[in-house]
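Structure first, then comments.
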Amino acid sequence: MLAGVYDHLPELAANKAAEVQTACYARLEDLLADPDIDLVSICTPSGLHAVQAVQAIEAGKHVLIEKPIALNLPDSDAISAAARSRNLLVGVVSQLRFSQAIRDVKAALDAGQLGRIVSADLYMKYYRPQSYYAQNAWRGTRQMDGGGALMNQGIHGVDLLRYLCGPVTSIMAQARTLTHAIEVEDTLAAVVTYASGALGVIQATTSIYPGYPRRLEIHGERGSIILQEDTIVQWSIAGQPDKILEISNSAQHGHQNPEQISNAGHVAQYANFIAALRGREPLLVDDREGRNALEIIVKTYESAARQALVTL
């Protein structure tokens, strides 16, 4: 049950509270002091995630944090340390993992159906107009957004890449701000090496008009699987018939407009978190998983800044 809402803009909190018929808190401290609240969902600008997560944990609350878990690794580690010391759960929103297509691909990879993975490539050629950044002052800033196309839009794809293909051991990246008046990148490309020995490419943009669906290509010695958003568009494995799996009820269209992203994955992730709180199933995307995706992004930015190969 939704116990209450808080926003630093009181009118927004009041409107949402009235819409869903729940309590409205004037201060975050008031919400955290309510003993009836067990879980706090943090949906604030990225630069506030770490401090608010630790604040909620210190108040004895479990937390579910919208991506990213934090803007840097020390802050992510501070969240984890606070949660471990109080035996509380921390989840990070990565709703794409909950689609049936991702489940099927994960099962195939875990079973070794593609054989040795030789290449895993992630293309996130999105578009955002300048007005998108103008809507909120924090967007596109280093202090509050932490990065551009890779950190904000691309982190979901990076999480899937890490989840499906395993650890990355090195990155060589280039990043540019080519079409927007923002502090962070709108165009990025990187070459990555995986612990398995596979090679791959990561591309992330908000500069390419009109924007194209996220594409994840995984190639092995015995087969290939290609995902476009949450639809499998190619499934070619030696000894198996080719197939395409349509997931129409949770189709994602955020490459052009974030308001078109389905909420089906969020619903499934909240259900998983609640089940984990009740001891019924493991938490699929915890703080460690959130850190894994963040580490790849942080190291990609480091490589671009240093113009050098960076190891993880």
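Please note that chains go A, B, ... in the order of the structure tokens, that every chain numbers its residues from 1, and that ligands are numbered from 1 in the order shown.
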
Distance query Trp235 in chain A at most 7 Å, only C-alpha atoms, self and fewer than 6 positions along chain excluded, as JSON, numbers by chain: {"A": [224, 225, 226, 242, 243, 244]}

Which of range 110-300 of chain A DSSP labels strand (DSSP E or B), written as a PDB file with N, CA and C atoms, in the first residue's frame:
ATOM      1  N   ILE A 117      30.966 -16.745 -26.042  1.00  0.00           N
ATOM      2  CA  ILE A 117      30.572 -15.429 -26.534  1.00  0.00           C
ATOM      3  C   ILE A 117      31.811 -14.724 -27.091  1.00  0.00           C
ATOM      4  N   VAL A 118      31.682 -14.214 -28.314  1.00  0.00           N
ATOM      5  CA  VAL A 118      32.822 -13.552 -28.949  1.00  0.00           C
ATOM      6  C   VAL A 118      32.589 -12.061 -29.136  1.00  0.00           C
ATOM      7  N   SER A 119      31.319 -11.638 -29.133  1.00  0.00           N
ATOM      8  CA  SER A 119      31.025 -10.220 -29.322  1.00  0.00           C
ATOM      9  C   SER A 119      29.694  -9.891 -28.665  1.00  0.00           C
ATOM     10  N   ALA A 120      29.650  -8.741 -27.982  1.00  0.00           N
ATOM     11  CA  ALA A 120      28.409  -8.254 -27.373  1.00  0.00           C
ATOM     12  C   ALA A 120      28.386  -6.746 -27.528  1.00  0.00           C
ATOM     13  N   ASP A 121      27.428  -6.251 -28.308  1.00  0.00           N
ATOM     14  CA  ASP A 121      27.387  -4.843 -28.695  1.00  0.00           C
ATOM     15  C   ASP A 121      26.071  -4.206 -28.273  1.00  0.00           C
ATOM     16  N   LEU A 122      26.169  -2.964 -27.792  1.00  0.00           N
ATOM     17  CA  LEU A 122      25.008  -2.229 -27.301  1.00  0.00           C
ATOM     18  C   LEU A 122      24.924  -0.892 -28.022  1.00  0.00           C
ATOM     19  N   TYR A 123      23.807  -0.675 -28.728  1.00  0.00           N
ATOM     20  CA  TYR A 123      23.594   0.571 -29.468  1.00  0.00           C
ATOM     21  C   TYR A 123      22.367   1.281 -28.907  1.00  0.00           C
ATOM     22  N   MET A 124      22.566   2.493 -28.409  1.00  0.00           N
ATOM     23  CA  MET A 124      21.474   3.285 -27.823  1.00  0.00           C
ATOM     24  C   MET A 124      21.503   4.657 -28.491  1.00  0.00           C
ATOM     25  N   LYS A 125      21.016   4.707 -29.711  1.00  0.00           N
ATOM     26  CA  LYS A 125      21.053   5.921 -30.523  1.00  0.00           C
ATOM     27  C   LYS A 125      19.745   6.681 -30.339  1.00  0.00           C
ATOM     28  N   TYR A 127      17.306  10.137 -29.181  1.00  0.00           N
ATOM     29  CA  TYR A 127      17.181  11.562 -29.481  1.00  0.00           C
ATOM     30  C   TYR A 127      16.427  12.271 -28.362  1.00  0.00           C
ATOM     31  N   VAL A 168      33.001  -6.522 -17.350  1.00  0.00           N
ATOM     32  CA  VAL A 168      33.865  -5.858 -18.325  1.00  0.00           C
ATOM     33  C   VAL A 168      35.214  -5.628 -17.665  1.00  0.00           C
ATOM     34  N   THR A 169      36.300  -5.881 -18.393  1.00  0.00           N
ATOM     35  CA  THR A 169      37.638  -5.739 -17.810  1.00  0.00           C
ATOM     36  C   THR A 169      38.376  -4.498 -18.296  1.00  0.00           C
ATOM     37  N   SER A 170      38.023  -3.976 -19.477  1.00  0.00           N
ATOM     38  CA  SER A 170      38.676  -2.755 -19.952  1.00  0.00           C
ATOM     39  C   SER A 170      37.772  -1.999 -20.909  1.00  0.00           C
ATOM     40  N   ILE A 171      38.002  -0.687 -20.991  1.00  0.00           N
ATOM     41  CA  ILE A 171      37.185   0.203 -21.817  1.00  0.00           C
ATOM     42  C   ILE A 171      38.085   1.252 -22.461  1.00  0.00           C
ATOM     43  N   MET A 172      37.808   1.531 -23.721  1.00  0.00           N
ATOM     44  CA  MET A 172      38.447   2.650 -24.417  1.00  0.00           C
ATOM     45  C   MET A 172      37.331   3.473 -25.044  1.00  0.00           C
ATOM     46  N   ALA A 173      37.184   4.736 -24.634  1.00  0.00           N
ATOM     47  CA  ALA A 173      36.004   5.508 -25.005  1.00  0.00           C
ATOM     48  C   ALA A 173      36.343   6.890 -25.539  1.00  0.00           C
ATOM     49  N   GLN A 174      35.407   7.423 -26.316  1.00  0.00           N
ATOM     50  CA  GLN A 174      35.413   8.806 -26.765  1.00  0.00           C
ATOM     51  C   GLN A 174      34.034   9.385 -26.463  1.00  0.00           C
ATOM     52  N   ALA A 175      33.981  10.629 -25.985  1.00  0.00           N
ATOM     53  CA  ALA A 175      32.704  11.284 -25.674  1.00  0.00           C
ATOM     54  C   ALA A 175      32.741  12.716 -26.174  1.00  0.00           C
ATOM     55  N   ARG A 176      31.602  13.179 -26.695  1.00  0.00           N
ATOM     56  CA  ARG A 176      31.505  14.539 -27.217  1.00  0.00           C
ATOM     57  C   ARG A 176      30.139  15.130 -26.868  1.00  0.00           C
ATOM     58  N   THR A 187      26.946  12.336 -27.150  1.00  0.00           N
ATOM     59  CA  THR A 187      27.396  11.346 -28.124  1.00  0.00           C
ATOM     60  C   THR A 187      28.618  10.624 -27.555  1.00  0.00           C
ATOM     61  N   LEU A 188      28.548   9.302 -27.476  1.00  0.00           N
ATOM     62  CA  LEU A 188      29.633   8.526 -26.861  1.00  0.00           C
ATOM     63  C   LEU A 188      29.780   7.193 -27.582  1.00  0.00           C
ATOM     64  N   ALA A 189      31.023   6.773 -27.726  1.00  0.00           N
ATOM     65  CA  ALA A 189      31.316   5.458 -28.286  1.00  0.00           C
ATOM     66  C   ALA A 189      32.480   4.842 -27.522  1.00  0.00           C
ATOM     67  N   ALA A 190      32.381   3.540 -27.270  1.00  0.00           N
ATOM     68  CA  ALA A 190      33.423   2.853 -26.504  1.00  0.00           C
ATOM     69  C   ALA A 190      33.618   1.438 -27.027  1.00  0.00           C
ATOM     70  N   VAL A 191      34.844   0.973 -26.932  1.00  0.00           N
ATOM     71  CA  VAL A 191      35.172  -0.428 -27.195  1.00  0.00           C
ATOM     72  C   VAL A 191      35.447  -1.088 -25.845  1.00  0.00           C
ATOM     73  N   VAL A 192      34.812  -2.220 -25.607  1.00  0.00           N
ATOM     74  CA  VAL A 192      34.937  -2.883 -24.303  1.00  0.00           C
ATOM     75  C   VAL A 192      35.458  -4.308 -24.482  1.00  0.00           C
ATOM     76  N   THR A 193      36.187  -4.764 -23.470  1.00  0.00           N
ATOM     77  CA  THR A 193      36.642  -6.149 -23.389  1.00  0.00           C
ATOM     78  C   THR A 193      35.992  -6.788 -22.166  1.00  0.00           C
ATOM     79  N   TYR A 194      35.452  -7.975 -22.354  1.00  0.00           N
ATOM     80  CA  TYR A 194      34.773  -8.682 -21.267  1.00  0.00           C
ATOM     81  C   TYR A 194      35.721  -9.678 -20.599  1.00  0.00           C
ATOM     82  N   LEU A 199      34.766  -9.232 -27.168  1.00  0.00           N
ATOM     83  CA  LEU A 199      34.891  -7.811 -27.437  1.00  0.00           C
ATOM     84  C   LEU A 199      33.522  -7.226 -27.749  1.00  0.00           C
ATOM     85  N   GLY A 200      33.406  -5.911 -27.603  1.00  0.00           N
ATOM     86  CA  GLY A 200      32.121  -5.292 -27.892  1.00  0.00           C
ATOM     87  C   GLY A 200      32.218  -3.790 -28.040  1.00  0.00           C
ATOM     88  N   VAL A 201      31.090  -3.221 -28.429  1.00  0.00           N
ATOM     89  CA  VAL A 201      30.959  -1.789 -28.636  1.00  0.00           C
ATOM     90  C   VAL A 201      29.777  -1.278 -27.837  1.00  0.00           C
ATOM     91  N   ILE A 202      29.940  -0.100 -27.225  1.00  0.00           N
ATOM     92  CA  ILE A 202      28.825   0.608 -26.594  1.00  0.00           C
ATOM     93  C   ILE A 202      28.710   1.973 -27.254  1.00  0.00           C
ATOM     94  N   GLN A 203      27.529   2.288 -27.754  1.00  0.00           N
ATOM     95  CA  GLN A 203      27.248   3.620 -28.272  1.00  0.00           C
ATOM     96  C   GLN A 203      26.032   4.179 -27.556  1.00  0.00           C
ATOM     97  N   ALA A 204      26.118   5.449 -27.166  1.00  0.00           N
ATOM     98  CA  ALA A 204      24.993   6.105 -26.480  1.00  0.00           C
ATOM     99  C   ALA A 204      24.906   7.542 -26.961  1.00  0.00           C
ATOM    100  N   THR A 205      23.719   7.966 -27.359  1.00  0.00           N
ATOM    101  CA  THR A 205      23.529   9.341 -27.818  1.00  0.00           C
ATOM    102  C   THR A 205      22.167   9.865 -27.393  1.00  0.00           C
ATOM    103  N   SER A 207      21.675  12.665 -29.474  1.00  0.00           N
ATOM    104  CA  SER A 207      21.926  13.636 -30.538  1.00  0.00           C
ATOM    105  C   SER A 207      21.449  13.192 -31.911  1.00  0.00           C
ATOM    106  N   ARG A 215      19.384  -1.425 -29.209  1.00  0.00           N
ATOM    107  CA  ARG A 215      19.682  -2.695 -29.865  1.00  0.00           C
ATOM    108  C   ARG A 215      20.849  -3.363 -29.137  1.00  0.00           C
ATOM    109  N   LEU A 216      20.647  -4.587 -28.710  1.00  0.00           N
ATOM    110  CA  LEU A 216      21.661  -5.363 -28.003  1.00  0.00           C
ATOM    111  C   LEU A 216      21.921  -6.633 -28.805  1.00  0.00           C
ATOM    112  N   GLU A 217      23.156  -6.783 -29.282  1.00  0.00           N
ATOM    113  CA  GLU A 217      23.521  -7.920 -30.118  1.00  0.00           C
ATOM    114  C   GLU A 217      24.539  -8.787 -29.376  1.00  0.00           C
ATOM    115  N   ILE A 218      24.215 -10.066 -29.217  1.00  0.00           N
ATOM    116  CA  ILE A 218      25.090 -11.006 -28.527  1.00  0.00           C
ATOM    117  C   ILE A 218      25.408 -12.138 -29.502  1.00  0.00           C
ATOM    118  N   HIS A 219      26.703 -12.329 -29.765  1.00  0.00           N
ATOM    119  CA  HIS A 219      27.128 -13.309 -30.767  1.00  0.00           C
ATOM    120  C   HIS A 219      28.087 -14.309 -30.139  1.00  0.00           C
ATOM    121  N   GLY A 220      27.810 -15.576 -30.369  1.00  0.00           N
ATOM    122  CA  GLY A 220      28.674 -16.638 -29.875  1.00  0.00           C
ATOM    123  C   GLY A 220      29.114 -17.562 -30.982  1.00  0.00           C
ATOM    124  N   GLY A 223      25.897 -19.344 -32.080  1.00  0.00           N
ATOM    125  CA  GLY A 223      24.645 -18.660 -32.358  1.00  0.00           C
ATOM    126  C   GLY A 223      24.670 -17.196 -31.993  1.00  0.00           C
ATOM    127  N   SER A 224      23.586 -16.514 -32.369  1.00  0.00           N
ATOM    128  CA  SER A 224      23.435 -15.087 -32.113  1.00  0.00           C
ATOM    129  C   SER A 224      22.013 -14.782 -31.663  1.00  0.00           C
ATOM    130  N   ILE A 225      21.912 -13.808 -30.749  1.00  0.00           N
ATOM    131  CA  ILE A 225      20.614 -13.292 -30.325  1.00  0.00           C
ATOM    132  C   ILE A 225      20.684 -11.776 -30.405  1.00  0.00           C
ATOM    133  N   ILE A 226      19.661 -11.184 -31.013  1.00  0.00           N
ATOM    134  CA  ILE A 226      19.593  -9.726 -31.119  1.00  0.00           C
ATOM    135  C   ILE A 226      18.282  -9.249 -30.524  1.00  0.00           C
ATOM    136  N   LEU A 227      18.403  -8.303 -29.601  1.00  0.00           N
ATOM    137  CA  LEU A 227      17.251  -7.693 -28.950  1.00  0.00           C
ATOM    138  C   LEU A 227      17.078  -6.264 -29.437  1.00  0.00           C
ATOM    139  N   GLN A 228      15.857  -5.906 -29.791  1.00  0.00           N
ATOM    140  CA  GLN A 228      15.520  -4.512 -30.052  1.00  0.00           C
ATOM    141  C   GLN A 228      14.503  -4.100 -29.008  1.00  0.00           C
ATOM    142  N   THR A 231      12.062  -6.810 -27.463  1.00  0.00           N
ATOM    143  CA  THR A 231      11.628  -7.803 -28.441  1.00  0.00           C
ATOM    144  C   THR A 231      12.859  -8.515 -29.002  1.00  0.00           C
ATOM    145  N   ILE A 232      12.807  -9.830 -29.067  1.00  0.00           N
ATOM    146  CA  ILE A 232      13.871 -10.592 -29.695  1.00  0.00           C
ATOM    147  C   ILE A 232      13.617 -10.567 -31.198  1.00  0.00           C
ATOM    148  N   VAL A 233      14.522  -9.920 -31.941  1.00  0.00           N
ATOM    149  CA  VAL A 233      14.340  -9.810 -33.386  1.00  0.00           C
ATOM    150  C   VAL A 233      15.181 -10.823 -34.145  1.00  0.00           C
ATOM    151  N   GLN A 234      16.122 -11.469 -33.455  1.00  0.00           N
ATOM    152  CA  GLN A 234      16.900 -12.528 -34.079  1.00  0.00           C
ATOM    153  C   GLN A 234      17.298 -13.552 -33.032  1.00  0.00           C
ATOM    154  N   TRP A 235      17.008 -14.807 -33.303  1.00  0.00           N
ATOM    155  CA  TRP A 235      17.390 -15.919 -32.424  1.00  0.00           C
ATOM    156  C   TRP A 235      17.862 -17.030 -33.339  1.00  0.00           C
ATOM    157  N   SER A 236      19.165 -17.093 -33.552  1.00  0.00           N
ATOM    158  CA  SER A 236      19.739 -18.079 -34.469  1.00  0.00           C
ATOM    159  C   SER A 236      20.793 -18.874 -33.722  1.00  0.00           C
ATOM    160  N   ILE A 237      20.449 -20.104 -33.349  1.00  0.00           N
ATOM    161  CA  ILE A 237      21.339 -20.974 -32.584  1.00  0.00           C
ATOM    162  C   ILE A 237      21.455 -22.305 -33.316  1.00  0.00           C
ATOM    163  N   LEU A 245      10.441 -13.455 -30.654  1.00  0.00           N
ATOM    164  CA  LEU A 245       9.486 -13.401 -29.556  1.00  0.00           C
ATOM    165  C   LEU A 245       8.984 -11.974 -29.402  1.00  0.00           C
ATOM    166  N   ASP A 286      19.785  -5.677  -6.724  1.00  0.00           N
ATOM    167  CA  ASP A 286      20.118  -5.066  -5.440  1.00  0.00           C
ATOM    168  C   ASP A 286      21.196  -3.996  -5.633  1.00  0.00           C
TER     169      ASP A 286
END

Alpha helix (DSSP H) residues, from DSSP on the backbone, in range 79-279 of chain A, as a PyMOL selection string: chain A and resi 79-86+100-110+130-135+142-145+155-165+264-277

Convert the current residue selection to file output with C-alpha atoms, as a PDB file, in the first residue's frame.
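Output file out_37.pdb is given in full below:
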ATOM      1  CA  ILE A  79      24.704   3.258   0.581  1.00  0.00           C
ATOM      2  CA  SER A  80      25.667  -0.410   0.703  1.00  0.00           C
ATOM      3  CA  ALA A  81      27.573  -0.037   3.956  1.00  0.00           C
ATOM      4  CA  ALA A  82      24.659   1.757   5.610  1.00  0.00           C
ATOM      5  CA  ALA A  83      22.216  -0.925   4.471  1.00  0.00           C
ATOM      6  CA  ARG A  84      24.422  -3.823   5.600  1.00  0.00           C
ATOM      7  CA  SER A  85      24.900  -2.284   9.040  1.00  0.00           C
ATOM      8  CA  ARG A  86      21.116  -2.170   9.534  1.00  0.00           C
ATOM      9  CA  GLN A 100      10.098 -12.175 -20.770  1.00  0.00           C
ATOM     10  CA  ALA A 101      12.540 -11.573 -23.612  1.00  0.00           C
ATOM     11  CA  ILE A 102      15.387 -10.798 -21.188  1.00  0.00           C
ATOM     12  CA  ARG A 103      14.489 -13.828 -19.097  1.00  0.00           C
ATOM     13  CA  ASP A 104      14.656 -16.048 -22.182  1.00  0.00           C
ATOM     14  CA  VAL A 105      17.997 -14.616 -23.320  1.00  0.00           C
ATOM     15  CA  LYS A 106      19.467 -14.960 -19.829  1.00  0.00           C
ATOM     16  CA  ALA A 107      18.363 -18.608 -19.636  1.00  0.00           C
ATOM     17  CA  ALA A 108      19.907 -19.357 -23.038  1.00  0.00           C
ATOM     18  CA  LEU A 109      23.211 -17.741 -22.086  1.00  0.00           C
ATOM     19  CA  ASP A 110      23.349 -19.446 -18.691  1.00  0.00           C
ATOM     20  CA  GLN A 130      17.075  20.810 -26.312  1.00  0.00           C
ATOM     21  CA  SER A 131      13.677  21.431 -24.705  1.00  0.00           C
ATOM     22  CA  TYR A 132      14.041  18.143 -22.821  1.00  0.00           C
ATOM     23  CA  TYR A 133      17.043  19.531 -20.962  1.00  0.00           C
ATOM     24  CA  ALA A 134      15.372  22.917 -20.481  1.00  0.00           C
ATOM     25  CA  GLN A 135      12.387  21.326 -18.690  1.00  0.00           C
ATOM     26  CA  ARG A 142      27.596  17.249 -14.045  1.00  0.00           C
ATOM     27  CA  GLN A 143      26.572  17.929 -10.461  1.00  0.00           C
ATOM     28  CA  MET A 144      23.043  16.532 -10.624  1.00  0.00           C
ATOM     29  CA  ASP A 145      22.941  14.302 -13.715  1.00  0.00           C
ATOM     30  CA  ILE A 155      22.360   3.033 -17.947  1.00  0.00           C
ATOM     31  CA  HIS A 156      19.461   0.623 -18.490  1.00  0.00           C
ATOM     32  CA  GLY A 157      21.179  -0.861 -21.521  1.00  0.00           C
ATOM     33  CA  VAL A 158      24.508  -1.003 -19.703  1.00  0.00           C
ATOM     34  CA  ASP A 159      22.832  -2.892 -16.859  1.00  0.00           C
ATOM     35  CA  LEU A 160      21.424  -5.433 -19.321  1.00  0.00           C
ATOM     36  CA  LEU A 161      24.815  -5.821 -21.004  1.00  0.00           C
ATOM     37  CA  ARG A 162      26.520  -6.518 -17.662  1.00  0.00           C
ATOM     38  CA  TYR A 163      23.696  -8.795 -16.486  1.00  0.00           C
ATOM     39  CA  LEU A 164      23.666 -10.908 -19.638  1.00  0.00           C
ATOM     40  CA  CYS A 165      27.322 -10.868 -20.712  1.00  0.00           C
ATOM     41  CA  ALA A 264       5.038  -2.883 -16.879  1.00  0.00           C
ATOM     42  CA  GLY A 265       8.647  -3.440 -15.867  1.00  0.00           C
ATOM     43  CA  HIS A 266       8.312  -1.123 -12.883  1.00  0.00           C
ATOM     44  CA  VAL A 267       5.240  -3.020 -11.700  1.00  0.00           C
ATOM     45  CA  ALA A 268       7.148  -6.297 -11.918  1.00  0.00           C
ATOM     46  CA  GLN A 269      10.164  -4.855 -10.117  1.00  0.00           C
ATOM     47  CA  TYR A 270       8.078  -3.486  -7.258  1.00  0.00           C
ATOM     48  CA  ALA A 271       6.413  -6.899  -6.945  1.00  0.00           C
ATOM     49  CA  ASN A 272       9.846  -8.520  -6.710  1.00  0.00           C
ATOM     50  CA  PHE A 273      10.996  -6.050  -4.043  1.00  0.00           C
ATOM     51  CA  ILE A 274       7.893  -6.615  -1.925  1.00  0.00           C
ATOM     52  CA  ALA A 275       8.265 -10.377  -2.292  1.00  0.00           C
ATOM     53  CA  ALA A 276      11.912 -10.085  -1.213  1.00  0.00           C
ATOM     54  CA  LEU A 277      10.885  -8.059   1.850  1.00  0.00           C
TER      55      LEU A 277
END

With only C-alpha atoms as the counted atoms, please give the residues lying no more than 10 Å from Gln55 in chain A, apart from itself and same-chain residues fewer than 2 positions off, as an mmCIF file with C-alpha atoms, in the first residue's frame.
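So result_1.cif came out as:
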data_model
loop_
_atom_site.group_PDB
_atom_site.id
_atom_site.type_symbol
_atom_site.label_atom_id
_atom_site.label_comp_id
_atom_site.auth_asym_id
_atom_site.auth_seq_id
_atom_site.Cartn_x
_atom_site.Cartn_y
_atom_site.Cartn_z
ATOM 1 C CA LEU A 28 11.157 14.348 3.976
ATOM 2 C CA GLU A 29 12.024 14.043 7.649
ATOM 3 C CA LEU A 32 11.008 9.060 7.334
ATOM 4 C CA HIS A 49 19.958 9.652 -4.704
ATOM 5 C CA ALA A 50 22.917 8.875 -2.457
ATOM 6 C CA VAL A 51 22.258 11.354 0.338
ATOM 7 C CA GLN A 52 18.529 10.596 0.425
ATOM 8 C CA ALA A 53 19.076 6.839 0.314
ATOM 9 C CA ILE A 57 18.354 3.796 5.596
ATOM 10 C CA GLU A 58 19.470 5.554 8.775
ATOM 11 C CA ALA A 59 15.778 6.053 9.548
ATOM 12 C CA GLY A 60 15.317 2.283 9.325
ATOM 13 C CA LYS A 61 13.688 2.110 5.892
ATOM 14 C CA ILE A 79 24.704 3.258 0.581
ATOM 15 C CA ALA A 82 24.659 1.757 5.610
#

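The gap separating CA of Met151 in chain A from CA of Asp287 in chain A is 16.6 Å, in Å to one decimal.
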
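Closest approach to Ala13 in chain A from the set A:Ile37, A:Ala78, A:Ala26, A:Met1 is made by A:Ala26, with distances taken over only C-alpha atoms.
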